[in-house]
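Peer 1: Quick one: the structure is below, and I'll ask about it shortly.
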Amino acid sequence: MKKILMAGFEPFGQDKINPALEAVKILDGKQLNGGFIICCEVPVVRYKAVDVVMEAVKKHQPDIVISIGQAAGRAEITPERIAINIDDYRIPDNEGNQVIDEAIFDNGPAAYFSTLPIKAMVESLQLKNIPAQVSNTAGSFVCNHLFYGLQHRLVGTNIPHGFVHIPLLPEQVKDSNQPSMPLMMIVEGLAILAQAALENKQDKVIGGGTIC
Ligand code: PCA
């Protein structure tokens, strides 16, 4: 039985709820084919986010780690391709840190790629009619920070890790024109992509690029 650690962010900014945390709480203990999910709550705080997930990694010794956060404006579940070595926060994090153009790790490379099978994950979601696509930017706030920080700290461990952004919930967008996705579709989607991560040690070669 393989263990998948799913780390979901707490609410931040104006939001009282974060679908990432709501979804991983429901998925805690879920059995998959050949594995099961353990969940962990992540603070939206620079460096502390990375430390909290690394503590959970030490405690649970997972085989795969998937971090999850909300992305306002997105209509699909979007596995992220790349994390960049920069913090540029448009709003303060949950402890008031707001930095501009600071490296996350001074001696780190400019970027890390996801070590999850992002194309296989997107394919398995689309086969179940759950809107999904690869994203080429995780932004420059705490989600990218956690993504980059975990890739950096997990170097040499052989534990695949990556980040997945999910849409807002219908109750978060209310009357605005922003896209959303029901919580149970997000939950089902995260279970499907976790199963794909279990089944695909190597990613599939499937087109998923964009043209600007
Ligand atoms: N989304 C934010 C941080 C936490 C979250 O859920 C982001 O995309 O950076």
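We label chains A, B, ... in the order they appear in the structure tokens, count residues from 1 in each chain, and number ligands from 1 in the order shown.
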Would you kindly return, as a ChimeraX atom specification, each protein, DNA or RNA residue with an atom no farther than 6 Å from any atom of region 46-59 of chain A, considering only C-alpha atoms and excluding same-chain residues fewer than 4 positions away?

Peer 2: /A:42,146,149

Peer 1: For Phe105 (chain A), work out the shell of residues within 10 Å, counting only C-alpha atoms and skipping chain neighbours fewer than 3 positions away, then give it as a list in words.

Peer 2: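 Listing them by chain and then by number gives Asn85, Ile86, Asp87, Glu102, Gly108, Pro109, Ala110, His145, Tyr148, Gly149 and His152 of chain A.
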
Peer 1: Point out the residue among A:Gln61, A:Thr210, A:Ser180, A:Gln195 with the least atom-to-atom distance to Ala120 (chain A), counting only C-alpha atoms.

Peer 2: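 Of the candidates, the smallest distance to Ala120 (chain A) is held by A:Gln195.
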
Peer 1: Report, in Å with one decimal, the straight-line distance from CA of Gly208 (chain A) to CA of Ile118 (chain A).

Peer 2: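 Rounded to one decimal, the two atoms are 9.7 Å apart.
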
Peer 1: Closest to Ile37 (chain A) among A:Ile166, A:Ala194, A:Asn136, A:Phe113, using only C-alpha atoms?

Peer 2: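 Among the listed residues, the smallest separation from Ile37 (chain A) belongs to A:Ala194.
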
Peer 1: Would you mind listing the residues within 6 Å of ligand 1, counting only C-alpha atoms and all ligand atoms, as a list in words?

Peer 2: Phe9, Val44, Gly69, Gln70, Ala71, Phe141, Val142, Cys143 and Asn144 of chain A
